[in-house]
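Coordinates as given in coords.tsv (TSV, N, CA and C atoms):
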```tsv
chain	number	residue	atom	x	y	z
A	9	MET	N	199.27	-69.55	-47.46
A	9	MET	CA	198.19	-68.94	-46.72
A	9	MET	C	196.84	-69.15	-47.41
A	10	PRO	N	196.69	-68.91	-48.74
A	10	PRO	CA	195.39	-69.16	-49.38
A	10	PRO	C	194.95	-70.62	-49.26
A	11	ASN	N	195.91	-71.56	-49.27
A	11	ASN	CA	195.57	-72.96	-49.14
A	11	ASN	C	194.95	-73.24	-47.77
A	12	SER	N	195.46	-72.59	-46.72
A	12	SER	CA	194.91	-72.80	-45.38
A	12	SER	C	193.51	-72.22	-45.27
A	13	VAL	N	193.22	-71.13	-45.98
A	13	VAL	CA	191.87	-70.57	-45.99
A	13	VAL	C	190.91	-71.54	-46.66
A	14	ALA	N	191.34	-72.14	-47.75
A	14	ALA	CA	190.49	-73.12	-48.45
A	14	ALA	C	190.23	-74.33	-47.56
A	15	LYS	N	191.25	-74.79	-46.84
A	15	LYS	CA	191.07	-75.93	-45.93
A	15	LYS	C	190.11	-75.57	-44.81
A	16	LEU	N	190.22	-74.35	-44.27
A	16	LEU	CA	189.33	-73.91	-43.21
A	16	LEU	C	187.89	-73.84	-43.72
A	17	ALA	N	187.70	-73.28	-44.92
A	17	ALA	CA	186.36	-73.18	-45.50
A	17	ALA	C	185.77	-74.58	-45.71
A	18	ALA	N	186.57	-75.51	-46.20
A	18	ALA	CA	186.10	-76.88	-46.41
A	18	ALA	C	185.72	-77.53	-45.08
A	19	SER	N	186.51	-77.28	-44.04
A	19	SER	CA	186.21	-77.84	-42.72
A	19	SER	C	184.92	-77.28	-42.16
A	20	VAL	N	184.72	-75.98	-42.32
A	20	VAL	CA	183.48	-75.35	-41.84
A	20	VAL	C	182.28	-75.92	-42.57
A	21	LEU	N	182.40	-76.08	-43.89
A	21	LEU	CA	181.31	-76.66	-44.68
A	21	LEU	C	181.02	-78.08	-44.24
A	22	TRP	N	182.05	-78.89	-44.04
A	22	TRP	CA	181.86	-80.27	-43.61
A	22	TRP	C	181.14	-80.32	-42.27
A	23	LEU	N	181.56	-79.47	-41.31
A	23	LEU	CA	180.90	-79.44	-40.01
A	23	LEU	C	179.45	-79.01	-40.13
A	24	ALA	N	179.19	-78.01	-40.98
A	24	ALA	CA	177.81	-77.54	-41.16
A	24	ALA	C	176.94	-78.63	-41.77
A	25	VAL	N	177.45	-79.32	-42.77
A	25	VAL	CA	176.67	-80.38	-43.43
A	25	VAL	C	176.47	-81.55	-42.50
A	26	SER	N	177.51	-81.99	-41.83
A	26	SER	CA	177.37	-83.15	-40.95
A	26	SER	C	176.49	-82.83	-39.75
A	27	GLY	N	176.54	-81.60	-39.27
A	27	GLY	CA	175.73	-81.21	-38.13
A	27	GLY	C	174.27	-80.96	-38.48
A	28	THR	N	173.97	-80.70	-39.73
A	28	THR	CA	172.58	-80.43	-40.10
A	28	THR	C	171.90	-81.60	-40.78
A	29	LEU	N	172.62	-82.43	-41.51
A	29	LEU	CA	171.98	-83.52	-42.22
A	29	LEU	C	171.68	-84.71	-41.32
A	30	LEU	N	172.55	-85.03	-40.40
A	30	LEU	CA	172.32	-86.19	-39.54
A	30	LEU	C	171.09	-86.03	-38.67
A	31	PRO	N	170.87	-84.87	-38.00
A	31	PRO	CA	169.64	-84.75	-37.22
A	31	PRO	C	168.38	-84.82	-38.09
A	32	GLN	N	168.45	-84.40	-39.34
A	32	GLN	CA	167.28	-84.47	-40.21
A	32	GLN	C	166.86	-85.91	-40.43
A	33	VAL	N	167.82	-86.78	-40.59
A	33	VAL	CA	167.50	-88.18	-40.82
A	33	VAL	C	166.88	-88.78	-39.56
A	34	ALA	N	167.42	-88.42	-38.41
A	34	ALA	CA	166.95	-89.01	-37.16
A	34	ALA	C	165.62	-88.44	-36.70
A	35	ALA	N	165.43	-87.11	-36.84
A	35	ALA	CA	164.27	-86.49	-36.23
A	35	ALA	C	163.40	-85.71	-37.20
A	36	GLY	N	163.69	-85.79	-38.48
A	36	GLY	CA	162.94	-85.00	-39.44
A	36	GLY	C	161.52	-85.51	-39.63
A	37	GLU	N	160.62	-84.60	-39.96
A	37	GLU	CA	159.24	-84.94	-40.24
A	37	GLU	C	158.88	-84.31	-41.57
A	38	ASP	N	157.85	-84.81	-42.21
A	38	ASP	CA	157.51	-84.33	-43.54
A	38	ASP	C	156.59	-83.13	-43.57
A	39	SER	N	155.65	-83.04	-42.60
A	39	SER	CA	154.66	-81.98	-42.67
A	39	SER	C	154.21	-81.55	-41.28
A	40	LEU	N	153.51	-80.41	-41.24
A	40	LEU	CA	152.96	-79.84	-40.02
A	40	LEU	C	151.52	-79.46	-40.30
A	41	ARG	N	150.61	-79.88	-39.43
A	41	ARG	CA	149.20	-79.53	-39.58
A	41	ARG	C	148.91	-78.27	-38.78
A	42	CYS	N	148.33	-77.28	-39.46
A	42	CYS	CA	147.86	-76.05	-38.82
A	42	CYS	C	146.38	-75.95	-39.15
A	43	GLY	N	145.54	-76.21	-38.15
A	43	GLY	CA	144.10	-76.26	-38.41
A	43	GLY	C	143.81	-77.47	-39.29
A	44	SER	N	143.17	-77.24	-40.42
A	44	SER	CA	142.84	-78.34	-41.32
A	44	SER	C	143.78	-78.41	-42.52
A	45	ARG	N	144.83	-77.58	-42.51
A	45	ARG	CA	145.75	-77.53	-43.66
A	45	ARG	C	147.14	-77.98	-43.26
A	46	LEU	N	147.93	-78.38	-44.25
A	46	LEU	CA	149.29	-78.86	-44.02
A	46	LEU	C	150.32	-77.95	-44.67
A	47	VAL	N	151.48	-77.81	-43.99
A	47	VAL	CA	152.66	-77.25	-44.64
A	47	VAL	C	153.67	-78.38	-44.70
A	48	SER	N	154.48	-78.40	-45.76
A	48	SER	CA	155.42	-79.49	-45.97
A	48	SER	C	156.80	-78.95	-46.30
A	49	GLU	N	157.79	-79.80	-46.13
A	49	GLU	CA	159.14	-79.44	-46.54
A	49	GLU	C	159.12	-79.06	-48.01
A	50	GLY	N	159.82	-77.98	-48.35
A	50	GLY	CA	159.83	-77.46	-49.71
A	50	GLY	C	158.94	-76.24	-49.88
A	51	ASP	N	158.03	-76.00	-48.92
A	51	ASP	CA	157.13	-74.85	-49.02
A	51	ASP	C	157.89	-73.55	-48.74
A	52	PRO	N	157.47	-72.43	-49.37
A	52	PRO	CA	158.09	-71.12	-49.10
A	52	PRO	C	157.52	-70.50	-47.82
A	53	LYS	N	158.25	-69.50	-47.28
A	53	LYS	CA	157.85	-68.84	-46.03
A	53	LYS	C	156.45	-68.26	-46.10
A	54	PHE	N	156.12	-67.57	-47.21
A	54	PHE	CA	154.81	-66.91	-47.29
A	54	PHE	C	153.67	-67.91	-47.16
A	55	LYS	N	153.84	-69.12	-47.68
A	55	LYS	CA	152.80	-70.15	-47.57
A	55	LYS	C	152.65	-70.61	-46.13
A	56	VAL	N	153.78	-70.80	-45.43
A	56	VAL	CA	153.74	-71.23	-44.03
A	56	VAL	C	153.03	-70.18	-43.18
A	57	ILE	N	153.35	-68.91	-43.39
A	57	ILE	CA	152.71	-67.84	-42.61
A	57	ILE	C	151.22	-67.76	-42.94
A	58	SER	N	150.85	-67.93	-44.19
A	58	SER	CA	149.43	-67.84	-44.56
A	58	SER	C	148.62	-68.99	-43.96
A	59	ILE	N	149.25	-70.14	-43.75
A	59	ILE	CA	148.55	-71.30	-43.20
A	59	ILE	C	148.63	-71.35	-41.68
A	60	CYS	N	149.83	-71.12	-41.12
A	60	CYS	CA	150.04	-71.29	-39.67
A	60	CYS	C	150.09	-69.99	-38.89
A	61	GLY	N	150.17	-68.85	-39.59
A	61	GLY	CA	150.29	-67.57	-38.89
A	61	GLY	C	151.74	-67.27	-38.54
A	62	GLU	N	151.94	-66.18	-37.82
A	62	GLU	CA	153.28	-65.77	-37.40
A	62	GLU	C	153.83	-66.75	-36.36
A	63	PRO	N	155.12	-67.07	-36.42
A	63	PRO	CA	155.71	-67.96	-35.42
A	63	PRO	C	155.83	-67.27	-34.06
A	64	THR	N	155.92	-68.06	-33.01
A	64	THR	CA	156.11	-67.54	-31.66
A	64	THR	C	157.49	-66.92	-31.51
A	65	ALA	N	158.50	-67.54	-32.11
A	65	ALA	CA	159.88	-67.06	-32.03
A	65	ALA	C	160.61	-67.36	-33.33
A	66	VAL	N	161.60	-66.51	-33.65
A	66	VAL	CA	162.43	-66.71	-34.84
A	66	VAL	C	163.88	-66.52	-34.42
A	67	SER	N	164.75	-67.47	-34.77
A	67	SER	CA	166.19	-67.31	-34.54
A	67	SER	C	166.88	-67.33	-35.90
A	68	LEU	N	167.93	-66.53	-36.01
A	68	LEU	CA	168.65	-66.39	-37.27
A	68	LEU	C	170.02	-67.04	-37.17
A	69	GLU	N	170.39	-67.74	-38.22
A	69	GLU	CA	171.71	-68.37	-38.34
A	69	GLU	C	172.17	-68.15	-39.78
A	70	SER	N	173.31	-68.68	-40.12
A	70	SER	CA	173.74	-68.69	-41.52
A	70	SER	C	174.65	-69.88	-41.73
A	71	VAL	N	174.74	-70.31	-42.98
A	71	VAL	CA	175.57	-71.44	-43.36
A	71	VAL	C	176.44	-71.00	-44.53
A	72	ILE	N	177.69	-71.43	-44.54
A	72	ILE	CA	178.56	-71.17	-45.68
A	72	ILE	C	178.29	-72.26	-46.71
A	73	SER	N	178.04	-71.86	-47.94
A	73	SER	CA	177.67	-72.81	-48.98
A	73	SER	C	178.49	-72.55	-50.24
A	74	GLY	N	178.69	-73.55	-51.03
A	74	GLY	CA	179.40	-73.39	-52.28
A	74	GLY	C	179.22	-74.62	-53.14
A	75	PRO	N	179.49	-74.64	-54.42
A	75	PRO	CA	179.82	-73.44	-55.19
A	75	PRO	C	178.60	-72.54	-55.37
A	76	ALA	N	178.85	-71.28	-55.64
A	76	ALA	CA	177.78	-70.30	-55.70
A	76	ALA	C	177.01	-70.33	-57.01
A	77	PHE	N	177.58	-70.85	-58.07
A	77	PHE	CA	176.94	-70.74	-59.38
A	77	PHE	C	176.99	-72.07	-60.11
A	78	VAL	N	175.88	-72.79	-60.10
A	78	VAL	CA	175.78	-74.07	-60.81
A	78	VAL	C	174.56	-74.00	-61.73
A	79	ARG	N	174.76	-74.31	-63.00
A	79	ARG	CA	173.68	-74.33	-63.98
A	79	ARG	C	173.73	-75.64	-64.75
A	80	TYR	N	172.60	-76.34	-64.78
A	80	TYR	CA	172.48	-77.59	-65.53
A	80	TYR	C	173.58	-78.59	-65.17
A	81	GLY	N	173.95	-78.62	-63.88
A	81	GLY	CA	174.94	-79.57	-63.41
A	81	GLY	C	176.38	-79.15	-63.59
A	82	TYR	N	176.63	-77.98	-64.17
A	82	TYR	CA	178.00	-77.51	-64.37
A	82	TYR	C	178.35	-76.43	-63.35
A	83	ASP	N	179.54	-76.54	-62.77
A	83	ASP	CA	180.02	-75.59	-61.77
A	83	ASP	C	180.70	-74.42	-62.48
A	84	TYR	N	180.11	-73.22	-62.32
A	84	TYR	CA	180.68	-72.01	-62.88
A	84	TYR	C	181.24	-71.10	-61.79
A	85	SER	N	181.64	-71.66	-60.65
A	85	SER	CA	182.07	-70.84	-59.52
A	85	SER	C	183.36	-70.08	-59.82
A	86	PHE	N	184.12	-70.49	-60.84
A	86	PHE	CA	185.33	-69.75	-61.19
A	86	PHE	C	184.99	-68.36	-61.72
A	87	ILE	N	183.75	-68.13	-62.16
A	87	ILE	CA	183.33	-66.82	-62.66
A	87	ILE	C	183.11	-65.86	-61.49
A	88	GLY	N	182.56	-66.35	-60.42
A	88	GLY	CA	182.26	-65.52	-59.25
A	88	GLY	C	182.83	-66.18	-58.00
A	89	PRO	N	182.44	-65.68	-56.85
A	89	PRO	CA	182.95	-66.29	-55.60
A	89	PRO	C	182.45	-67.72	-55.43
A	90	ALA	N	183.33	-68.59	-54.96
A	90	ALA	CA	182.98	-69.99	-54.82
A	90	ALA	C	182.18	-70.25	-53.54
A	91	TRP	N	182.32	-69.43	-52.53
A	91	TRP	CA	181.65	-69.63	-51.26
A	91	TRP	C	180.72	-68.45	-50.99
A	92	ARG	N	179.57	-68.74	-50.42
A	92	ARG	CA	178.62	-67.68	-50.09
A	92	ARG	C	177.92	-68.02	-48.78
A	93	GLU	N	177.40	-67.00	-48.15
A	93	GLU	CA	176.67	-67.18	-46.91
A	93	GLU	C	175.18	-67.26	-47.23
A	94	VAL	N	174.51	-68.29	-46.71
A	94	VAL	CA	173.09	-68.51	-46.97
A	94	VAL	C	172.33	-68.28	-45.66
A	95	PRO	N	171.28	-67.44	-45.68
A	95	PRO	CA	170.52	-67.20	-44.44
A	95	PRO	C	169.72	-68.43	-44.03
A	96	VAL	N	169.71	-68.70	-42.74
A	96	VAL	CA	168.96	-69.81	-42.16
A	96	VAL	C	168.12	-69.25	-41.01
A	97	GLU	N	166.83	-69.57	-41.00
A	97	GLU	CA	165.94	-69.15	-39.93
A	97	GLU	C	165.30	-70.37	-39.30
A	98	ILE	N	165.18	-70.34	-37.97
A	98	ILE	CA	164.46	-71.38	-37.23
A	98	ILE	C	163.22	-70.72	-36.65
A	99	TRP	N	162.05	-71.16	-37.12
A	99	TRP	CA	160.78	-70.63	-36.62
A	99	TRP	C	160.22	-71.63	-35.61
A	100	THR	N	159.80	-71.12	-34.44
A	100	THR	CA	159.19	-71.97	-33.42
A	100	THR	C	157.71	-71.63	-33.31
A	101	TYR	N	156.88	-72.67	-33.37
A	101	TYR	CA	155.44	-72.52	-33.17
A	101	TYR	C	155.08	-73.19	-31.85
A	102	ASN	N	154.45	-72.41	-30.96
A	102	ASN	CA	154.01	-72.90	-29.66
A	102	ASN	C	152.48	-73.01	-29.70
A	103	PHE	N	151.98	-74.23	-29.71
A	103	PHE	CA	150.53	-74.45	-29.80
A	103	PHE	C	149.91	-74.71	-28.43
A	104	GLY	N	150.62	-74.39	-27.34
A	104	GLY	CA	150.08	-74.55	-26.00
A	104	GLY	C	150.68	-75.73	-25.26
A	105	SER	N	150.38	-75.80	-23.95
A	105	SER	CA	151.00	-76.80	-23.08
A	105	SER	C	150.54	-78.23	-23.35
A	106	SER	N	149.44	-78.40	-24.04
A	106	SER	CA	148.96	-79.76	-24.33
A	106	SER	C	149.46	-80.27	-25.68
A	107	ARG	N	150.21	-79.44	-26.42
A	107	ARG	CA	150.74	-79.85	-27.73
A	107	ARG	C	152.24	-79.63	-27.78
A	108	LEU	N	152.89	-80.29	-28.70
A	108	LEU	CA	154.34	-80.20	-28.83
A	108	LEU	C	154.76	-78.92	-29.57
A	109	LEU	N	155.91	-78.37	-29.16
A	109	LEU	CA	156.52	-77.26	-29.90
A	109	LEU	C	156.96	-77.78	-31.25
A	110	ARG	N	156.84	-76.97	-32.27
A	110	ARG	CA	157.32	-77.35	-33.59
A	110	ARG	C	158.33	-76.32	-34.05
A	111	GLN	N	159.47	-76.80	-34.55
A	111	GLN	CA	160.51	-75.92	-35.08
A	111	GLN	C	160.66	-76.18	-36.57
A	112	LEU	N	160.58	-75.09	-37.34
A	112	LEU	CA	160.69	-75.16	-38.79
A	112	LEU	C	161.97	-74.47	-39.20
A	113	ARG	N	162.78	-75.15	-40.00
A	113	ARG	CA	164.07	-74.61	-40.44
A	113	ARG	C	163.98	-74.20	-41.91
A	114	PHE	N	164.27	-72.94	-42.17
A	114	PHE	CA	164.26	-72.40	-43.52
A	114	PHE	C	165.68	-72.10	-43.96
A	115	VAL	N	166.05	-72.52	-45.14
A	115	VAL	CA	167.31	-72.12	-45.76
A	115	VAL	C	166.90	-71.24	-46.93
A	116	GLY	N	167.27	-69.96	-46.85
A	116	GLY	CA	166.75	-69.00	-47.81
A	116	GLY	C	165.25	-68.87	-47.57
A	117	ASP	N	164.45	-69.14	-48.58
A	117	ASP	CA	162.99	-69.03	-48.47
A	117	ASP	C	162.32	-70.40	-48.38
A	118	GLU	N	163.10	-71.48	-48.40
A	118	GLU	CA	162.53	-72.83	-48.48
A	118	GLU	C	162.52	-73.53	-47.13
A	119	LEU	N	161.39	-74.13	-46.78
A	119	LEU	CA	161.27	-74.95	-45.58
A	119	LEU	C	161.99	-76.27	-45.83
A	120	VAL	N	163.04	-76.53	-45.05
A	120	VAL	CA	163.85	-77.73	-45.29
A	120	VAL	C	163.74	-78.77	-44.19
A	121	GLU	N	163.20	-78.38	-43.02
A	121	GLU	CA	163.11	-79.34	-41.92
A	121	GLU	C	162.01	-78.94	-40.97
A	122	ILE	N	161.27	-79.93	-40.47
A	122	ILE	CA	160.24	-79.72	-39.46
A	122	ILE	C	160.57	-80.66	-38.31
A	123	ARG	N	160.69	-80.09	-37.10
A	123	ARG	CA	161.04	-80.90	-35.92
A	123	ARG	C	160.03	-80.70	-34.79
A	124	THR	N	159.96	-81.66	-33.92
A	124	THR	CA	159.18	-81.58	-32.68
A	124	THR	C	160.16	-81.36	-31.55
A	125	ASN	N	159.80	-80.48	-30.58
A	125	ASN	CA	160.75	-80.16	-29.52
A	125	ASN	C	160.02	-79.96	-28.19
A	126	GLY	N	159.63	-81.03	-27.52
A	126	GLY	CA	159.01	-80.94	-26.21
A	126	GLY	C	157.65	-80.28	-26.22
A	127	TYR	N	157.02	-80.18	-25.06
A	127	TYR	CA	155.70	-79.57	-24.97
A	127	TYR	C	155.80	-78.06	-24.90
A	128	GLY	N	154.76	-77.41	-25.39
A	128	GLY	CA	154.68	-75.95	-25.38
A	128	GLY	C	154.44	-75.44	-23.98
A	129	TYR	N	154.21	-74.15	-23.89
A	129	TYR	CA	153.99	-73.50	-22.59
A	129	TYR	C	152.77	-72.62	-22.64
```

Go ahead and render the structure in this file as structure tokens.
Amino acid sequence: MPNSVAKLAASVLWLAVSGTLLPQVAAGEDSLRCGSRLVSEGDPKFKVISICGEPTAVSLESVISGPAFVRYGYDYSFIGPAWREVPVEIWTYNFGSSRLLRQLRFVGDELVEIRTNGYGY
């Protein structure tokens, strides 16, 4: 039974990674211009809000991630739980009908992906 749980967790992780990394390669962008300033992948949430303001919409997701404890390239997950849930937020910015919607994906507090998604409203 524990072996089947480990296989299920590995399958879920594989699906999460394959489903999130491939679209980044195909449709990912490096930065978003808000006024005269830029936000870029790697920026924290507070910086994005200070530059672009509050998003039009926020959706919440989560991803199972592991190992939970890595220091200097060594896996110490045997000390604590090997799998953990990481919060993921998708922020949508609607700049109006003449501009494209922008979706920003945050894992924890870090901006990891910026996408374009059709025209605004």

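Between CA of Val56 (chain A) and atom C of Ser105 (chain A) lies a distance of 22.1 Å.
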
Just want the 7 Å neighbourhood of Ser67 (chain A), counted on only N, CA and C atoms, with same-chain residues fewer than 6 positions away dropped. Output as a PDB file with N, CA and C atoms, keeping the file's coordinate frame.
```pdb
ATOM      1  N   VAL A  96     169.710 -68.700 -42.740  1.00  0.00           N
ATOM      2  CA  VAL A  96     168.960 -69.810 -42.160  1.00  0.00           C
ATOM      3  C   VAL A  96     168.120 -69.250 -41.010  1.00  0.00           C
ATOM      4  N   GLU A  97     166.830 -69.570 -41.000  1.00  0.00           N
ATOM      5  CA  GLU A  97     165.940 -69.150 -39.930  1.00  0.00           C
ATOM      6  C   GLU A  97     165.300 -70.370 -39.300  1.00  0.00           C
ATOM      7  N   ILE A  98     165.180 -70.340 -37.970  1.00  0.00           N
ATOM      8  CA  ILE A  98     164.460 -71.380 -37.230  1.00  0.00           C
ATOM      9  C   ILE A  98     163.220 -70.720 -36.650  1.00  0.00           C
ATOM     10  N   TRP A  99     162.050 -71.160 -37.120  1.00  0.00           N
ATOM     11  CA  TRP A  99     160.780 -70.630 -36.620  1.00  0.00           C
ATOM     12  C   TRP A  99     160.220 -71.630 -35.610  1.00  0.00           C
ATOM     13  N   THR A 100     159.800 -71.120 -34.440  1.00  0.00           N
ATOM     14  CA  THR A 100     159.190 -71.970 -33.420  1.00  0.00           C
ATOM     15  C   THR A 100     157.710 -71.630 -33.310  1.00  0.00           C
TER      16      THR A 100
END
```

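Distance annotation: of A:Val94, A:Leu109, A:Val115, A:Leu46, the residue with the minimal separation from Ala65 (chain A) is A:Leu109; atom set is only C-alpha atoms.
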
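In this model, the gap between atom C of Arg113 (chain A) and CA of Gly126 (chain A) comes to 17.8 Å.
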
Pairwise distance for atom C of Glu62 (chain A) and CA of Glu93 (chain A), rounded to one decimal in Å: 25.2 Å

List as an mmCIF file with N, CA and C atoms, in the frame of the given file the residues having at least one atom at most 5 Å from position (157.5, -73.6, -34.2) as given in the file, counting all atoms listed in the file.
```cif
data_model
loop_
_atom_site.group_PDB
_atom_site.id
_atom_site.type_symbol
_atom_site.label_atom_id
_atom_site.label_comp_id
_atom_site.auth_asym_id
_atom_site.auth_seq_id
_atom_site.Cartn_x
_atom_site.Cartn_y
_atom_site.Cartn_z
ATOM 1 N N TRP A 99 162.050 -71.160 -37.120
ATOM 2 C CA TRP A 99 160.780 -70.630 -36.620
ATOM 3 C C TRP A 99 160.220 -71.630 -35.610
ATOM 4 N N THR A 100 159.800 -71.120 -34.440
ATOM 5 C CA THR A 100 159.190 -71.970 -33.420
ATOM 6 C C THR A 100 157.710 -71.630 -33.310
ATOM 7 N N TYR A 101 156.880 -72.670 -33.370
ATOM 8 C CA TYR A 101 155.440 -72.520 -33.170
ATOM 9 C C TYR A 101 155.080 -73.190 -31.850
ATOM 10 N N ASN A 102 154.450 -72.410 -30.960
ATOM 11 C CA ASN A 102 154.010 -72.900 -29.660
ATOM 12 C C ASN A 102 152.480 -73.010 -29.700
ATOM 13 N N ARG A 110 156.840 -76.970 -32.270
ATOM 14 C CA ARG A 110 157.320 -77.350 -33.590
ATOM 15 C C ARG A 110 158.330 -76.320 -34.050
ATOM 16 N N GLN A 111 159.470 -76.800 -34.550
ATOM 17 C CA GLN A 111 160.510 -75.920 -35.080
ATOM 18 C C GLN A 111 160.660 -76.180 -36.570
ATOM 19 N N LEU A 112 160.580 -75.090 -37.340
ATOM 20 C CA LEU A 112 160.690 -75.160 -38.790
ATOM 21 C C LEU A 112 161.970 -74.470 -39.200
#
```

For Gly61 (chain A), work out the shell of residues within 10 Å, counting only C-alpha atoms and skipping chain neighbours fewer than 6 positions away, then give it as a VMD selection string. chain A and resid 42 54 to 55 101

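Proximity to Arg107 (chain A) was assessed for A:Pro95, A:Lys53, A:Tyr129, A:Ile122 counting only C-alpha atoms; the smallest distance is recorded for A:Tyr129.
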